[in-house]
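**Q** What follows is structure30.csv, made up of CSV, C-alpha atoms:
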chain,number,residue,atom,x,y,z
H,1,MET,CA,-81.3,-1.4,23.2
H,2,GLU,CA,-84.2,-1.9,20.9
H,3,LEU,CA,-82.5,0.3,18.3
H,4,LEU,CA,-79.4,-1.9,18.5
H,5,ILE,CA,-81.4,-5.1,18.0
H,6,LEU,CA,-83.2,-3.6,15.0
H,7,PHE,CA,-79.8,-2.6,13.5
H,8,LEU,CA,-78.4,-6.1,13.9
H,9,ILE,CA,-81.5,-7.6,12.2
H,10,GLU,CA,-81.2,-5.3,9.3
H,11,LEU,CA,-77.5,-5.9,9.0
H,12,SER,CA,-78.0,-9.7,8.9
H,13,CYS,CA,-80.6,-9.4,6.2
H,14,THR,CA,-78.2,-7.3,4.0
H,15,LEU,CA,-75.5,-10.0,4.3
H,16,SER,CA,-77.9,-12.9,3.3
H,17,VAL,CA,-77.4,-14.1,-0.3
H,18,LEU,CA,-80.0,-16.2,-2.1
H,19,LYS,CA,-78.8,-19.4,-3.7
H,20,SER,CA,-80.1,-18.2,-7.1
H,21,ASP,CA,-78.1,-15.0,-6.7
H,22,GLN,CA,-74.7,-16.6,-6.1
H,23,CYS,CA,-72.1,-16.5,-8.7
H,24,LEU,CA,-72.0,-19.6,-10.9
H,25,ASP,CA,-68.6,-18.6,-12.6
H,26,CYS,CA,-65.8,-19.2,-10.1
H,27,SER,CA,-63.3,-17.3,-12.3
H,28,LYS,CA,-65.2,-14.1,-11.5
H,29,LEU,CA,-64.4,-14.3,-7.8
H,30,ILE,CA,-61.3,-12.3,-7.0
H,31,ARG,CA,-61.0,-12.8,-3.2
H,32,LYS,CA,-59.8,-16.0,-1.7
H,33,GLN,CA,-62.5,-16.0,1.0
H,34,ASP,CA,-65.3,-15.5,-1.6
H,35,CYS,CA,-63.8,-18.3,-3.8
H,36,GLU,CA,-63.8,-20.8,-1.0
H,37,TYR,CA,-67.2,-19.8,0.3
H,38,GLY,CA,-68.6,-20.2,-3.2
H,39,ASN,CA,-67.5,-23.9,-3.3
H,40,CYS,CA,-64.7,-23.1,-5.7
H,41,ILE,CA,-60.9,-23.7,-5.5
H,42,TRP,CA,-58.3,-21.1,-4.9
H,43,SER,CA,-55.1,-21.8,-6.9
H,44,ASN,CA,-51.7,-20.2,-6.2
H,45,ASN,CA,-49.9,-21.9,-9.1
H,46,GLY,CA,-49.5,-19.9,-12.3
H,47,GLU,CA,-48.5,-16.5,-13.6
H,48,ASN,CA,-50.7,-14.7,-11.2
H,49,SER,CA,-48.6,-14.8,-7.9
H,50,GLU,CA,-51.6,-13.6,-5.9
H,51,GLY,CA,-53.7,-16.6,-7.0
H,52,TYR,CA,-57.0,-17.0,-8.7
H,53,CYS,CA,-60.3,-18.8,-8.4
H,54,ILE,CA,-61.2,-21.9,-10.5
H,55,ASN,CA,-64.1,-24.3,-10.8
H,56,ASN,CA,-64.0,-27.3,-8.5
H,57,GLY,CA,-65.1,-29.7,-11.2
H,58,SER,CA,-68.5,-30.4,-9.7
H,59,GLY,CA,-70.3,-28.9,-12.7
H,60,ILE,CA,-73.1,-26.5,-12.1
H,61,ASP,CA,-75.5,-25.5,-9.4
H,62,SER,CA,-77.6,-28.6,-8.8
H,63,GLY,CA,-80.2,-26.6,-7.0
H,64,ASN,CA,-81.2,-24.7,-10.1
H,65,SER,CA,-82.9,-27.1,-12.5
H,66,ASP,CA,-83.6,-24.5,-15.2
H,67,VAL,CA,-79.9,-23.7,-15.4
H,68,ASN,CA,-79.0,-27.4,-15.4
H,69,VAL,CA,-81.3,-28.3,-18.2
H,70,SER,CA,-80.1,-25.4,-20.4
H,71,PHE,CA,-76.4,-26.3,-19.6
H,72,CYS,CA,-76.9,-30.0,-20.3
H,73,LYS,CA,-78.7,-29.5,-23.6
H,74,GLY,CA,-75.7,-27.4,-24.7
H,75,ILE,CA,-73.1,-30.2,-24.3
H,76,SER,CA,-71.5,-31.0,-27.6
H,77,ILE,CA,-71.6,-34.7,-28.8
H,78,PRO,CA,-74.0,-35.6,-26.0
H,79,GLU,CA,-73.8,-39.3,-26.7
H,80,GLN,CA,-70.1,-39.3,-25.8
H,81,ASN,CA,-69.9,-36.5,-23.2
H,82,CYS,CA,-73.2,-36.1,-21.4
H,83,TRP,CA,-72.8,-39.0,-19.0
H,84,LYS,CA,-69.3,-37.7,-17.9
H,85,VAL,CA,-70.7,-34.3,-16.7
H,86,LYS,CA,-71.9,-34.1,-13.1
H,87,GLY,CA,-75.5,-32.8,-13.0
H,88,CYS,CA,-76.4,-34.2,-16.4
H,89,ALA,CA,-77.8,-37.5,-17.6
H,90,TYR,CA,-78.0,-39.1,-21.1
H,91,TYR,CA,-81.4,-40.8,-21.5
H,92,ASN,CA,-83.6,-41.5,-24.5
H,93,GLN,CA,-80.8,-40.0,-26.8
H,94,SER,CA,-81.0,-36.7,-25.0
H,95,CYS,CA,-78.8,-34.9,-22.5
H,96,THR,CA,-80.9,-33.6,-19.7
H,97,PHE,CA,-81.0,-32.7,-16.0
H,98,PHE,CA,-79.8,-35.5,-13.7
H,99,THR,CA,-82.5,-36.4,-11.2
H,100,GLY,CA,-80.6,-39.1,-9.3
H,101,CYS,CA,-79.5,-42.7,-10.1
H,102,SER,CA,-82.7,-44.3,-8.6
H,103,ALA,CA,-84.8,-42.7,-11.4
H,104,TYR,CA,-83.3,-45.1,-13.9
H,105,PHE,CA,-84.0,-48.9,-13.8
H,106,PHE,CA,-81.2,-50.8,-15.4
H,107,HIS,CA,-79.6,-54.0,-14.3
H,108,THR,CA,-75.9,-53.5,-15.1
H,109,THR,CA,-73.3,-51.0,-14.2
H,110,PHE,CA,-72.5,-50.7,-17.9
H,111,ASP,CA,-76.0,-49.4,-18.7
H,112,CYS,CA,-76.2,-47.2,-15.6
H,113,GLN,CA,-72.8,-45.6,-16.4
H,114,HIS,CA,-74.2,-44.6,-19.8
H,115,ILE,CA,-76.8,-42.6,-18.0
H,116,SER,CA,-74.3,-40.9,-15.6
H,117,SER,CA,-70.8,-41.6,-14.4
H,118,GLN,CA,-72.3,-41.2,-10.9
H,119,CYS,CA,-74.4,-44.4,-11.2
H,120,ILE,CA,-73.7,-48.1,-10.8
H,121,SER,CA,-76.0,-51.2,-10.5
H,122,GLU,CA,-76.0,-54.2,-8.2
H,123,GLY,CA,-78.6,-55.9,-10.4
H,124,ASP,CA,-81.8,-54.2,-9.3
H,125,GLY,CA,-81.9,-50.7,-10.8
H,126,CYS,CA,-79.3,-47.9,-10.8
H,127,ILE,CA,-77.8,-46.7,-7.5
H,128,ASN,CA,-75.3,-44.1,-6.5
H,129,ALA,CA,-71.7,-45.0,-7.1
H,130,LYS,CA,-69.8,-45.9,-3.9
H,131,GLN,CA,-66.4,-44.8,-2.8
H,132,CYS,CA,-63.6,-46.8,-4.4
H,133,ILE,CA,-62.5,-48.3,-1.1
H,134,GLU,CA,-66.0,-50.0,-0.8
H,135,TYR,CA,-65.5,-52.1,-4.0
H,136,LEU,CA,-64.1,-55.5,-3.0
H,137,THR,CA,-63.2,-57.1,-6.3
H,138,GLN,CA,-61.0,-56.0,-9.2
H,139,ASP,CA,-63.7,-56.4,-11.8
H,140,ILE,CA,-66.3,-54.2,-9.9
H,141,CYS,CA,-63.5,-51.7,-9.0
H,142,GLU,CA,-62.4,-51.1,-12.6
H,143,ASN,CA,-65.8,-51.0,-14.1
H,144,SER,CA,-67.7,-48.9,-11.6
H,145,GLY,CA,-67.8,-45.2,-11.1
H,146,SER,CA,-66.8,-43.6,-7.8
H,147,SER,CA,-68.4,-40.9,-5.6
H,148,SER,CA,-64.9,-39.9,-4.6
H,149,GLY,CA,-61.7,-38.7,-6.3
H,150,SER,CA,-61.8,-38.4,-10.1
H,151,GLY,CA,-64.9,-40.5,-10.4
H,152,LYS,CA,-62.9,-43.5,-11.5
H,153,CYS,CA,-61.3,-46.3,-9.5
H,154,LYS,CA,-58.0,-48.2,-9.8
H,155,TRP,CA,-57.2,-51.7,-8.5
H,156,ASP,CA,-54.0,-51.7,-6.5
H,157,SER,CA,-52.5,-55.2,-7.2
H,158,VAL,CA,-49.9,-54.8,-4.4
H,159,ILE,CA,-52.3,-54.3,-1.6
H,160,GLN,CA,-55.2,-56.0,-3.4
H,161,LYS,CA,-57.6,-53.1,-2.8
H,162,CYS,CA,-59.6,-50.6,-4.8
H,163,ARG,CA,-58.5,-47.0,-4.6
H,164,ASP,CA,-59.1,-43.6,-6.2
H,165,GLU,CA,-57.1,-42.6,-9.3
H,166,LEU,CA,-54.0,-40.6,-8.4
H,167,CYS,CA,-53.2,-37.2,-9.7
H,168,SER,CA,-50.2,-38.7,-11.5
H,169,GLU,CA,-52.5,-41.0,-13.4
H,170,ALA,CA,-54.2,-38.2,-15.2
H,171,GLY,CA,-53.4,-37.9,-18.9
H,172,ILE,CA,-50.4,-35.9,-20.0
H,173,GLY,CA,-52.7,-33.7,-22.1
H,174,LEU,CA,-53.8,-31.9,-18.9
H,175,THR,CA,-51.6,-28.8,-18.8
H,176,THR,CA,-53.5,-26.3,-16.5
H,177,ASP,CA,-54.5,-26.2,-12.8
H,178,GLN,CA,-58.1,-26.0,-13.9
H,179,GLU,CA,-57.9,-29.2,-15.9
H,180,CYS,CA,-56.1,-31.1,-13.1
H,181,SER,CA,-58.5,-29.8,-10.5
H,182,LYS,CA,-61.4,-31.0,-12.6
H,183,PHE,CA,-59.8,-34.4,-12.9
H,184,ARG,CA,-59.5,-34.6,-9.1
H,185,PHE,CA,-59.8,-32.1,-6.3
H,186,GLY,CA,-56.4,-31.2,-5.0
H,187,CYS,CA,-54.5,-31.9,-8.2
H,188,ILE,CA,-52.4,-29.2,-9.9
H,189,THR,CA,-50.5,-29.3,-13.2
H,190,LYS,CA,-46.8,-30.1,-13.5
H,191,GLY,CA,-46.8,-28.7,-17.0
H,192,GLN,CA,-47.6,-32.0,-18.6
H,193,GLY,CA,-50.1,-34.1,-16.6
H,194,CYS,CA,-51.0,-33.6,-13.0
H,195,ALA,CA,-49.5,-34.0,-9.5
H,196,GLU,CA,-50.5,-33.7,-5.9
H,197,SER,CA,-50.0,-30.2,-4.4
H,198,PRO,CA,-47.3,-29.1,-3.6
H,199,LEU,CA,-45.1,-29.9,-6.6
H,200,LYS,CA,-41.9,-31.8,-6.1
H,201,GLU,CA,-38.5,-30.7,-7.4
H,202,CYS,CA,-37.5,-31.3,-11.0
H,203,ASN,CA,-34.9,-33.9,-10.1
H,204,THR,CA,-37.6,-36.2,-8.7
H,205,TYR,CA,-39.3,-36.6,-12.2
H,206,GLU,CA,-38.2,-39.5,-14.3
H,207,SER,CA,-37.5,-38.5,-17.9
H,208,GLN,CA,-38.7,-41.8,-19.3
H,209,GLY,CA,-42.2,-41.4,-20.9
H,210,GLN,CA,-42.3,-37.7,-20.6
H,211,GLU,CA,-40.5,-34.6,-21.8
H,212,CYS,CA,-38.5,-32.9,-19.1
H,213,SER,CA,-38.6,-29.6,-21.0
H,214,LYS,CA,-42.4,-29.5,-20.7
H,215,LEU,CA,-42.5,-30.1,-16.9
H,216,ILE,CA,-42.7,-27.7,-14.0
H,217,GLY,CA,-41.3,-28.5,-10.5
H,218,SER,CA,-41.3,-26.6,-7.2
H,219,ASP,CA,-38.0,-25.2,-8.3
H,220,GLY,CA,-39.3,-23.9,-11.7
H,221,ALA,CA,-39.0,-25.1,-15.3
H,222,CYS,CA,-37.3,-28.5,-15.9
H,223,GLU,CA,-35.0,-29.8,-18.6
H,224,ASN,CA,-33.3,-33.1,-19.5
H,225,LEU,CA,-30.1,-34.1,-17.7
H,226,GLN,CA,-27.9,-35.9,-20.2
H,227,GLY,CA,-26.9,-39.4,-19.0
H,228,SER,CA,-29.6,-39.5,-16.3
H,229,GLN,CA,-33.0,-41.0,-16.0
H,230,TYR,CA,-34.2,-37.9,-14.1
H,231,CYS,CA,-34.9,-34.4,-15.1
H,232,GLN,CA,-33.1,-31.3,-13.6
H,233,GLN,CA,-34.0,-27.7,-12.9
H,234,LYS,CA,-33.7,-25.6,-16.0
H,235,LYS,CA,-30.8,-23.1,-15.7
H,236,CYS,CA,-29.6,-20.2,-17.8
H,237,GLU,CA,-26.2,-21.8,-18.2
H,238,THR,CA,-27.5,-24.7,-20.1
H,239,ALA,CA,-28.8,-22.5,-23.0
H,240,PRO,CA,-27.0,-23.0,-26.3
H,241,ASN,CA,-23.7,-21.2,-26.7
H,242,ASN,CA,-24.9,-19.4,-29.9
H,243,TYR,CA,-27.5,-17.4,-27.9
H,244,LYS,CA,-26.0,-13.9,-28.3
H,245,SER,CA,-28.9,-11.6,-27.3
H,246,ASP,CA,-30.8,-11.0,-24.1
H,247,GLU,CA,-34.0,-11.6,-25.9
H,248,GLN,CA,-33.0,-15.1,-26.8
H,249,CYS,CA,-31.9,-15.9,-23.3
H,250,ASP,CA,-35.0,-14.5,-21.7
H,251,LYS,CA,-37.1,-16.6,-24.0
H,252,TYR,CA,-35.1,-19.6,-23.1
H,253,LEU,CA,-35.7,-19.0,-19.4
H,254,LYS,CA,-37.3,-15.8,-17.9
H,255,GLY,CA,-34.7,-13.5,-16.3
H,256,CYS,CA,-31.6,-14.9,-18.2
H,257,VAL,CA,-29.2,-12.5,-19.9
H,258,SER,CA,-26.6,-13.1,-22.6
H,259,THR,CA,-22.8,-13.1,-22.2
H,260,GLY,CA,-22.5,-13.0,-26.0
H,261,ARG,CA,-21.8,-16.8,-25.9
H,262,GLY,CA,-24.7,-18.3,-24.0
H,263,CYS,CA,-26.8,-17.2,-21.1
H,264,VAL,CA,-26.3,-16.6,-17.4
H,265,GLN,CA,-28.6,-15.4,-14.6
H,266,LYS,CA,-26.2,-12.5,-13.7
H,267,LEU,CA,-23.4,-10.8,-15.6
H,268,TYR,CA,-20.0,-10.5,-14.1
H,269,PRO,CA,-17.1,-8.0,-15.1
H,270,CYS,CA,-15.1,-8.8,-18.2
H,271,THR,CA,-12.1,-9.7,-16.0
H,272,SER,CA,-13.9,-12.9,-15.1
H,273,TYR,CA,-13.5,-14.2,-18.7
H,274,GLN,CA,-10.4,-15.6,-20.4
H,275,LYS,CA,-9.8,-16.2,-24.2
H,276,ASP,CA,-12.1,-15.2,-27.0
H,277,CYS,CA,-12.5,-11.9,-25.2
H,278,THR,CA,-14.2,-10.1,-28.1
H,279,SER,CA,-17.1,-12.6,-28.0
H,280,TYR,CA,-18.1,-11.8,-24.5
H,281,VAL,CA,-20.3,-9.1,-22.8
H,282,GLY,CA,-19.7,-8.4,-19.1
H,283,SER,CA,-21.5,-6.3,-16.5
H,284,ASP,CA,-19.1,-3.5,-17.5
H,285,GLY,CA,-19.9,-3.7,-21.2
H,286,ILE,CA,-18.4,-5.5,-24.3
H,287,CYS,CA,-15.1,-7.1,-23.6
H,288,GLU,CA,-11.7,-7.0,-25.3
H,289,TYR,CA,-8.2,-8.4,-24.8
H,290,GLU,CA,-6.0,-6.9,-22.1
H,291,GLU,CA,-2.3,-6.8,-23.2
H,292,LYS,CA,0.0,-8.9,-21.1
H,293,SER,CA,-2.9,-10.5,-19.2
H,294,GLU,CA,-4.8,-13.8,-19.4
H,295,ASN,CA,-8.0,-12.1,-18.4
H,296,CYS,CA,-10.3,-9.9,-20.6
H,297,ARG,CA,-11.2,-6.3,-19.8
H,298,SER,CA,-14.0,-4.0,-20.8
H,299,ARG,CA,-13.5,-1.9,-23.9
H,300,LYS,CA,-11.8,1.4,-23.6
H,301,CYS,CA,-13.3,4.4,-25.4
H,302,GLU,CA,-10.0,5.5,-26.9
H,303,ASN,CA,-9.7,2.2,-28.8
H,304,GLY,CA,-12.8,3.0,-30.8
H,305,GLN,CA,-11.9,4.5,-34.2
H,306,PHE,CA,-15.2,6.2,-35.0
H,307,ASN,CA,-16.1,9.8,-35.9
H,308,SER,CA,-19.7,9.9,-34.6
H,309,ASP,CA,-21.3,9.8,-31.2
H,310,GLU,CA,-23.7,7.1,-32.3
H,311,ASP,CA,-20.9,4.7,-33.4
H,312,CYS,CA,-18.8,5.4,-30.3
H,313,ASN,CA,-21.8,4.8,-28.0
H,314,GLN,CA,-22.4,1.5,-29.8
H,315,TYR,CA,-18.8,0.6,-29.4
H,316,LYS,CA,-19.1,1.2,-25.6
H,317,ILE,CA,-22.0,2.8,-23.9
H,318,GLY,CA,-21.1,6.4,-22.7
H,319,CYS,CA,-18.4,7.0,-25.3
H,320,VAL,CA,-18.5,10.1,-27.5
H,321,SER,CA,-16.6,11.1,-30.6
H,322,ASN,CA,-13.9,13.8,-30.7
H,323,GLY,CA,-14.3,13.7,-34.5
H,324,LYS,CA,-11.6,11.1,-35.2
H,325,THR,CA,-11.7,8.6,-32.3
H,326,CYS,CA,-13.9,7.8,-29.3
H,327,ALA,CA,-13.3,9.3,-25.9
H,328,ASP,CA,-14.8,9.1,-22.4
H,329,SER,CA,-15.7,12.8,-22.6
H,330,LEU,CA,-14.9,15.8,-24.8
H,331,GLN,CA,-12.0,18.1,-23.9
H,332,SER,CA,-11.3,21.6,-25.0
H,333,CYS,CA,-9.6,22.1,-28.4
H,334,SER,CA,-6.5,23.4,-26.5
H,335,SER,CA,-5.9,19.9,-25.1
H,336,PHE,CA,-5.1,18.5,-28.6
H,337,LYS,CA,-1.8,18.9,-30.3
H,338,GLY,CA,-1.2,19.1,-34.1
H,339,ASN,CA,-0.7,21.4,-37.0
H,340,LYS,CA,-3.1,23.1,-39.4
H,341,SER,CA,-3.6,19.8,-41.4
H,342,SER,CA,-3.8,17.2,-38.6
H,343,CYS,CA,-6.1,19.3,-36.3
H,344,LEU,CA,-8.8,19.6,-38.8
H,345,GLY,CA,-11.7,17.2,-38.0
H,346,TYR,CA,-11.3,17.3,-34.2
H,347,ILE,CA,-14.2,18.3,-32.1
H,348,GLY,CA,-13.7,19.8,-28.6
H,349,LEU,CA,-16.0,21.1,-25.9
H,350,ASP,CA,-15.7,24.5,-27.5
H,351,GLY,CA,-16.6,23.3,-31.0
H,352,LEU,CA,-14.6,22.4,-34.2
H,353,CYS,CA,-10.9,22.8,-33.9
H,354,LYS,CA,-8.0,24.0,-36.1
H,355,GLY,CA,-4.2,24.2,-35.9
H,356,ILE,CA,-2.5,27.6,-35.3
H,357,ASP,CA,0.3,26.9,-37.9
H,358,ASP,CA,2.3,24.2,-39.5
H,359,THR,CA,4.3,23.4,-36.3
H,360,GLU,CA,3.2,20.0,-34.9
H,361,GLN,CA,3.5,21.0,-31.3
H,362,GLN,CA,1.3,24.1,-31.4
H,363,ARG,CA,-2.0,23.8,-29.6
H,364,GLN,CA,-5.2,23.9,-31.5
H,365,GLN,CA,-7.6,26.8,-31.4
H,366,ILE,CA,-11.3,27.0,-32.1
H,367,LEU,CA,-12.1,27.1,-35.8
H,368,ASN,CA,-14.9,29.7,-35.4
H,369,ARG,CA,-13.1,31.9,-32.8
Please go through the file and, once you have read it, give me the structure as structure tokens.
**A**
Amino acid sequence: MELLILFLIELSCTLSVLKSDQCLDCSKLIRKQDCEYGNCIWSNNGENSEGYCINNGSGIDSGNSDVNVSFCKGISIPEQNCWKVKGCAYYNQSCTFFTGCSAYFFHTTFDCQHISSQCISEGDGCINAKQCIEYLTQDICENSGSSSGSGKCKWDSVIQKCRDELCSEAGIGLTTDQECSKFRFGCITKGQGCAESPLKECNTYESQGQECSKLIGSDGACENLQGSQYCQQKKCETAPNNYKSDEQCDKYLKGCVSTGRGCVQKLYPCTSYQKDCTSYVGSDGICEYEEKSENCRSRKCENGQFNSDEDCNQYKIGCVSNGKTCADSLQSCSSFKGNKSSCLGYIGLDGLCKGIDDTEQQRQQILNR
């Protein structure tokens, strides 16, 4: 029993992590549970389908003053940016460690805000900013910082109350989850600006004042819908008709392939096309006209007039040359008919071919037999 107790004590010690030893860079945490334990944000939106860890926008470890001082002194253009950064204060023309609003004795919110966005004043020194909902007048609401949300407040003229800024009120210059989360916890990017998680579908976005082609919805990339005030989900079929390669279509929208005249998500057989057959590509290859039919068909090897395997395979994948035309596969020389003159140039399974005599109906023999 005593051994068991000693083992548990030793185990608990090995699992303890000092505050100074904890990771300060959220992006280095690769497990969701480590990310959330480290006061970071786990994001599932982006190219990495498994998610990744991002900073929660709260700045740096306020418990480590040495780190804070070093970080604050490194802020560029401190007179413009220092007061915006949590954990830092702009005082006496220097960006330094923020020791709390009560350390600064100014009589106006304007002056206190220039020290730190976390401070306001009610006339007798700087105090901590309140939550937006606690501000009762429009003037105080719009000119005071906030301890909640993005750190700024908005006056709602409909309900006549002060509220936190909404994710949708972030600037359109914010294009990543990290930037949106820093603006306000819980915000994610919609490609241009921010939105509450989860994202809505493309057809809920209004096109006025923003470019649909730069937006992302829950259903993927968005695009303009002609004649509508709303966006729509971007589709392969809306790509320009002059996109003739898979590379162009995939660049337009990931996963799209070319029909030779535009893009689709999935190719269908040539028989699904009508008119302009030679311009299309189907799931069965390049298309051509079918005699006495309105529908197209895939190319036939025997219609390719080429004398090399490379050209025949380019005409239709899998075709080979018999020396004069293309074929599905090579046959023996004896399968061809001709005379000494017309047989020359043919290639069979058994090599180059020749005619036996001048009679047209005589079968060919192998030239090197």
**Q** Could you please determine the separation between atom CA of H:Ile216 and atom CA of H:Ser228 in Å, to one decimal place?
**A** 17.8 Å
**Q** For H:Lys154, which residue among H:Ser245, H:Gln138, H:Asp124, H:Glu179 is the nearest when counting all atoms listed in the file?
**A**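 Closest residue, counting all atoms listed in the file: H:Gln138.
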**Q** Could you tell me how far atom CA of H:Cys167 lies from atom CA of H:Gln233, in Å and to one decimal?
**A**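 Separation between atom CA of H:Cys167 and atom CA of H:Gln233: 21.7 Å.
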**Q** Smallest atom-to-atom distance to H:Pro78: which of H:Lys275, H:His114, H:Gly100, H:His107, using all atoms listed in the file?
**A**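 Looking at the shortest contact to H:Pro78, the residue is H:His114.
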**Q** With all atoms listed in the file as the atoms that count, which of H:Lys324, H:Lys300, H:Lys235, H:Arg261 lies nearest to H:Ser279?
**A** H:Arg261
